[in-house]
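Worksheet: the structure to be examined is printed underneath.
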Amino acid sequence: MDYTLHPLGDNAVLIELGNEISEKSHQKVQALTDVLEDQPPGWMNEYIPAYTTVTIFYDPLAIYQLSEGKLPFDYACELIEPLIKDLEASNTAESRLVEIPVCYGGKFGPDLDYVAKHNGISPEEVIDIHSSGDYLVYMIGFAPGFPFIGGMSEKIAAPRRESPRLKIPERSVGIAGMQTGIYPIETPGGWQLIGRTPVRLFRPHDESPTLLKAGDKIKFKPISRAEYEKWKETESC
Amino acid sequence: MLKIIKPGLLSSIQDLGRTGFQKFGVIASGAMDPLSHRVANLLTGNIESEPTLEMTMIGPAITFEKDALISICGGDLSPSINGQPVRLWRSIYVKKGSELKFGHCLQGCRAYLSVAGGFSVPYVMKSKATYLRAGIGGFEGRALKAGDQLVFGKPSSQSKRMMDYLSRQLQNQSFIENDWSITSDLLPSTNAVPTIRMTKGRQFELFTKESRETLLDHAFEVSAQSDRMGYRLKGPGLTLSEPAELISEAVNFGSIQVPPDGNPIVLLADRQTTGGYPKIGQVAFADLPLLAQAKPGDKLKFAEISHEEAQRLYLDRELKLKELKQGIHLKTR
């Protein structure tokens with residue numbers, strides 16, 4: 001696998017595995033994170049995967065004491081190289097499929113009409129297109145459990161709002177440019193909101209604190225307001 | 001136990017951050033000035049990662065509901081106990097019923113209060129740091145309010161020895177400080193315009209020559225829109241040679257990113273895990289404490305060093321901290 005190594009501050013190595021957002025780059029990132037999950041190196045504190053990069057964090061003093069005088073970054077690179085050298089891009093065919101119910105429009109999706117008008121189609125068509133796509137979670141970032149999702153049809157693309165909302169309710173589903181996403185916690189943001197899911201994406205007290213992880217496949221399933229309320233009840237139990 | 005009488009501007013429980021969950025998009029949080037946090041803990045006989053109270057510019061008023069061994073490190077927010085000034089960077093034995101107050105912010109921006117045994121709050125994702133925006137960690141996931149009561153954890157055997165030693169010397173006073181001080185150069189400089197050492201960022205070369213020079217030649221002001229997430233700096237605008245669409249990737253404590261408006265943002269303890277703005281620089285870890293003590297309105301300058309030098313400065317600092325830790329152990333055997 002081709003890669004380049006770069007410092008990111010004094011405690012991290014950024015590993016660049018590609019230079020464009022693509023399934024190919026994603027598969028390389030997944031292959032490396034699979035290794036880091038299955039056999040976490042003892043010297044690693046944590047890692048952050050992204051579209052084309054994986055960044056590994058370490059304790060510089062601990063690694064320095066292992067290295068017999070080499071600088072921490074240089075020694076970390078030496079330790080990383082054998083992890084990547086023989087790695088093959090992993091096939092995402094075996095990734096999880098997560099179904100996310102969404103109540104579209106109305107109070108939950110105040111920008112659904114805007115997205116429809118912007119694309120010259122009806123709100124029902126927006127829902128239809130959004131919920132029939134196959135999506136891939138490329139990475140988690142921005143907020144806890146916030147998925148960067150690829151695979152949305154350009155027929156429902158819409159620019160960000162000119163002035164961001166100060167508060168976007170948690171679990172809102174939105175569109176920004178060619179991307180669609182879900183807000184796990186209440187944050188400010190400029191995405192066009194088209195609906196809301198009753199499912200919690202951030203679960204700080206659970207073993208796995210987020211519903212989604214990089215590599216997951218997603219399907220959106222339209223539900224009624226009544227189904228939404230019922231779902232929320234079972235979620236809070 | 002201690003009780004918060006007045007909360008101050010922003011007082012929250014912090015530790016050395018939530019490690020291992022950034023891959024889920026969960027930010028690291030933790031002390032903005034990790035050095036002051038760690039020294040404060042060493043002075044009370046705690047392990048360095050024990051949670052402390054981070055206090056910002058206007059400190060709280062606190063009453064102690066039992067005897068305690070404390071220390072206050074970092075910025076000088078004019079601490080006093082029952083009206084008598086107390087020194088920073090000392091172990092202090094405080095009698096039950098005493099009131100700790102803070103006055104003017106004389107120097108720096110944040111101070112750290114450590115108590116022997118630490119604060120007894122639950123772990124959330126293996127850390128006790130407060131993550132304000134998500135409302136988790138620390139004390140009920142939020143900044144402290146008047147009336148909050150913080151329970152202390154169990155003091156270490158070293159803490160107990162330090163408490164015995166100081167309490168034996170206590171006569172009628174409400175508190176007593178240790179009679180030795182930290183002489184090493186771990187203490188922050190008090191330069192009016194601090195120079196923050198940095199290395200080139202991943203996208204340094206994408207900026208115009210003028211912008212690259214400006215970053216290193218001009219002073220920048222910490223703007224009012226600065227918080228635990230990052231410092232927005234005001235100065236001559238920085239521009240890319242040509243527009244670039246970057247792919248989001250990990251960022252770090254001290255990454256200097258430049259959004260389209262040209263004003264750099266230095267990412268700090270509550271930074272997002274990933275970002276898509278070009279990074280013109282990266283603050284050397286050794287100078288993060290100095291940076292975290294700058295407050296809105298303060299000016300600062302950047303100086304470029306090599307990544308090799310940044311790492312050596314960091315290692316040097318860590319070794320000095322180790323020496324300090326050993327020194328305190330020897331003094332309190």
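Ordering of the structure tokens sets the chain letters (A, B, ...); residue numbers start at 1 within each chain; ligands are numbered from 1 in the order shown.
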Pull out every residue of chain B that has at least one atom within 8 Å of chain A, counting only C-alpha atoms, and report them as a ChimeraX atom specification.
-> /B:19-27,124-125,133-134,136,201-202,247-255,272-275,282-285,307-308,310-312,314-315,318
Write out as a PyMOL selection string all residues of range 88-321 of chain B that DSSP puts in helix (DSSP H, G or I) for this structure's backbone.
-> chain B and resi 157-169+204-206+209-217+285-292+307-321
Which residues, written as a list in words, have at least one atom at most 10 Å from range 218-221 of chain A, with only C-alpha atoms counted and residues fewer than 2 positions away on the same chain left out?
->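 Once the nearby chain positions are removed, what remains is Arg96, Leu97, Val98, Glu99, Ile100, Pro101, Val102, Cys103, Tyr104, Ile127, Asp128, His130, Ser131, Ser132, Gly133, Asp134, Tyr135, Leu136, Val137, Ile149, Gly150, Gly151, Thr197, Leu212, Gly215, Asp216 and Ile223 of chain A.
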Dump C-alpha atoms for the selected residues as a compact mmCIF listing (two decimals), in the first residue's frame?
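This is the output file part.txt:
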```txt
# COMPACT_ATOMS: atom_id res chain seq x y z
CA ARG A 96 -22.70 -3.39 8.61
CA LEU A 97 -25.94 -2.06 7.19
CA VAL A 98 -27.65 0.36 9.58
CA GLU A 99 -31.23 1.45 8.90
CA ILE A 100 -32.03 4.95 10.12
CA PRO A 101 -35.71 5.89 10.38
CA VAL A 102 -36.42 9.52 9.45
CA CYS A 103 -39.55 11.59 9.89
CA TYR A 104 -39.24 13.98 6.92
CA ILE A 127 -37.88 12.18 0.38
CA ASP A 128 -38.05 9.44 -2.20
CA HIS A 130 -33.01 10.62 -0.10
CA SER A 131 -34.47 7.41 1.27
CA SER A 132 -33.67 5.23 -1.74
CA GLY A 133 -29.92 5.91 -1.82
CA ASP A 134 -27.17 3.58 -0.63
CA TYR A 135 -24.86 5.48 1.66
CA LEU A 136 -21.42 4.88 3.10
CA VAL A 137 -20.05 6.39 6.32
CA ILE A 149 -21.75 10.25 4.51
CA GLY A 150 -21.08 9.69 0.84
CA GLY A 151 -23.45 8.52 -1.86
CA THR A 197 -34.54 10.58 13.34
CA LEU A 212 -22.36 4.69 13.57
CA GLY A 215 -17.30 1.88 7.09
CA ASP A 216 -20.98 1.42 7.94
CA ILE A 223 -41.54 7.06 8.96
```
For Gly137 in chain B, please output as JSON, numbers by chain all residues within 12 Å (counting only C-alpha atoms; exclusion window: fewer than 5 positions along the same chain).
-> {"A": [204, 205], "B": [12, 13, 14, 15, 17, 18, 26, 27, 28, 29, 30, 51, 120, 121, 122, 123, 124, 125, 126, 127, 128, 129, 130, 131, 132, 142, 143]}
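Near Gly327 in chain B, within 12 Å and counting only C-alpha atoms, sit Leu42, Leu43, Gly45, Trp180, Ser181, Ile182, Thr183, Ser184, Lys320, Leu321, Lys322, Glu323, Leu324, Lys325, His329, Leu330, Lys331, Thr332 and Arg333 of chain B, not including residues fewer than 2 positions from it in the same chain.
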Nearby residues (only C-alpha atoms) at most 8 Å from Arg232 in chain B, same-chain spacing under 5 positions excluded, as a list of chain:residue names = B:Val222, B:Ser223, B:Ala224, B:Gln225, B:Ser226, B:Asn263, B:Pro264, B:Ile265, B:Val266
All heavy atoms of the current selection, written as a JSON list (two decimals), in the first residue's frame:
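The result, written out as out-v4.json:
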```json
[["chain", "number", "residue", "atom", "x", "y", "z"],
["B", 222, "VAL", "N", -5.41, 38.06, 20.58],
["B", 222, "VAL", "CA", -6.41, 37.04, 20.93],
["B", 222, "VAL", "C", -7.75, 37.75, 20.97],
["B", 222, "VAL", "O", -7.95, 38.68, 21.74],
["B", 222, "VAL", "CB", -6.09, 36.41, 22.30],
["B", 222, "VAL", "CG1", -7.14, 35.37, 22.66],
["B", 222, "VAL", "CG2", -4.70, 35.78, 22.30],
["B", 223, "SER", "N", -8.68, 37.35, 20.08],
["B", 223, "SER", "CA", -9.95, 38.08, 19.98],
["B", 223, "SER", "C", -10.92, 37.64, 21.06],
["B", 223, "SER", "O", -10.70, 36.64, 21.75],
["B", 223, "SER", "CB", -10.57, 37.85, 18.60],
["B", 223, "SER", "OG", -11.25, 36.61, 18.59],
["B", 224, "ALA", "N", -12.00, 38.39, 21.18],
["B", 224, "ALA", "CA", -13.02, 38.07, 22.18],
["B", 224, "ALA", "C", -13.74, 36.76, 21.85],
["B", 224, "ALA", "O", -14.31, 36.12, 22.73],
["B", 224, "ALA", "CB", -14.03, 39.21, 22.29],
["B", 225, "GLN", "N", -13.73, 36.36, 20.56],
["B", 225, "GLN", "CA", -14.38, 35.08, 20.19],
["B", 225, "GLN", "C", -13.42, 33.91, 20.41],
["B", 225, "GLN", "O", -13.24, 33.07, 19.55],
["B", 225, "GLN", "CB", -14.83, 35.09, 18.72],
["B", 225, "GLN", "CG", -16.02, 35.96, 18.42],
["B", 225, "GLN", "CD", -15.57, 37.38, 18.12],
["B", 225, "GLN", "OE1", -14.65, 37.61, 17.35],
["B", 225, "GLN", "NE2", -16.20, 38.35, 18.76],
["B", 226, "SER", "N", -12.79, 33.87, 21.56],
["B", 226, "SER", "CA", -11.86, 32.79, 21.87],
["B", 226, "SER", "C", -12.41, 32.03, 23.06],
["B", 226, "SER", "O", -12.97, 32.63, 23.98],
["B", 226, "SER", "CB", -10.49, 33.37, 22.22],
["B", 226, "SER", "OG", -9.95, 34.02, 21.09],
["B", 263, "ASN", "N", -8.32, 35.05, 9.23],
["B", 263, "ASN", "CA", -7.89, 35.16, 10.63],
["B", 263, "ASN", "C", -7.61, 33.79, 11.21],
["B", 263, "ASN", "O", -8.51, 32.96, 11.28],
["B", 263, "ASN", "CB", -8.96, 35.86, 11.47],
["B", 263, "ASN", "CG", -9.08, 37.33, 11.12],
["B", 263, "ASN", "OD1", -8.08, 38.03, 11.00],
["B", 263, "ASN", "ND2", -10.31, 37.79, 10.92],
["B", 264, "PRO", "N", -6.36, 33.54, 11.63],
["B", 264, "PRO", "CA", -6.02, 32.20, 12.10],
["B", 264, "PRO", "C", -6.75, 31.81, 13.39],
["B", 264, "PRO", "O", -7.07, 32.66, 14.21],
["B", 264, "PRO", "CB", -4.51, 32.26, 12.35],
["B", 264, "PRO", "CG", -4.15, 33.70, 12.37],
["B", 264, "PRO", "CD", -5.21, 34.45, 11.64],
["B", 265, "ILE", "N", -7.03, 30.52, 13.53],
["B", 265, "ILE", "CA", -7.61, 29.97, 14.75],
["B", 265, "ILE", "C", -6.64, 28.93, 15.28],
["B", 265, "ILE", "O", -6.25, 28.02, 14.54],
["B", 265, "ILE", "CB", -8.97, 29.30, 14.47],
["B", 265, "ILE", "CG1", -9.96, 30.30, 13.88],
["B", 265, "ILE", "CG2", -9.55, 28.67, 15.75],
["B", 265, "ILE", "CD1", -11.28, 29.67, 13.43],
["B", 266, "VAL", "N", -6.23, 29.08, 16.54],
["B", 266, "VAL", "CA", -5.39, 28.05, 17.15],
["B", 266, "VAL", "C", -6.31, 27.11, 17.91],
["B", 266, "VAL", "O", -7.06, 27.53, 18.80],
["B", 266, "VAL", "CB", -4.36, 28.64, 18.13],
["B", 266, "VAL", "CG1", -3.35, 27.56, 18.52],
["B", 266, "VAL", "CG2", -3.66, 29.83, 17.55]]
```
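Contact shell of Asn82 in chain B at 7 Å (only C-alpha atoms; same-chain neighbours under 3 positions omitted): Ser98, Glu99 and Leu100 of chain B.
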Output for the residues just chosen: all heavy atoms as a compact mmCIF listing (two decimals), in the first residue's frame:
```txt
# COMPACT_ATOMS: atom_id res chain seq x y z
N SER B 98 -12.65 27.54 56.11
CA SER B 98 -11.96 28.66 55.46
C SER B 98 -12.61 28.98 54.11
O SER B 98 -13.18 28.10 53.47
CB SER B 98 -10.48 28.31 55.21
OG SER B 98 -9.86 27.97 56.42
N GLU B 99 -12.47 30.25 53.72
CA GLU B 99 -13.01 30.64 52.41
C GLU B 99 -11.87 31.03 51.47
O GLU B 99 -11.05 31.89 51.79
CB GLU B 99 -13.99 31.80 52.54
CG GLU B 99 -14.66 32.08 51.19
CD GLU B 99 -15.72 33.19 51.22
OE1 GLU B 99 -15.69 34.01 52.14
OE2 GLU B 99 -16.54 33.20 50.30
N LEU B 100 -11.84 30.38 50.31
CA LEU B 100 -10.87 30.69 49.26
C LEU B 100 -11.57 31.57 48.23
O LEU B 100 -12.62 31.21 47.71
CB LEU B 100 -10.37 29.40 48.59
CG LEU B 100 -9.53 29.54 47.32
CD1 LEU B 100 -8.20 30.22 47.60
CD2 LEU B 100 -9.29 28.15 46.70
```
Work out how far apart CA of Gln257 in chain B and CA of Met198 in chain B are and give it in Å to one decimal.
-> 12.6 Å
Can you work out the spacing between CA of His104 in chain B and CA of Asp67 in chain B in Å, to one decimal?
->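 Calculated distance between CA of His104 in chain B and CA of Asp67 in chain B is 26.0 Å.
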Backbone DSSP call of strand (DSSP E or B) for range 93-141 of chain B, listed as a PyMOL selection string = chain B and resi 93-94+99-102+107-115+119+124+127+131+136
Which value, in Å to one decimal, gives the distance between CA of Lys299 in chain B and CA of Lys101 in chain B?
->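 Answer for the CA of Lys299 in chain B to CA of Lys101 in chain B separation: 28.0 Å.
Comparing B:Val151, B:Ile92, B:Leu216, B:Ile328 by their smallest distance to Gln169 in chain B, the closest is B:Ile92 (using only C-alpha atoms).
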Counting only C-alpha atoms, closest pick from A:Ser90, A:Ser172, A:Ser25, A:Gln179 relative to Ile194 in chain A is A:Ser172
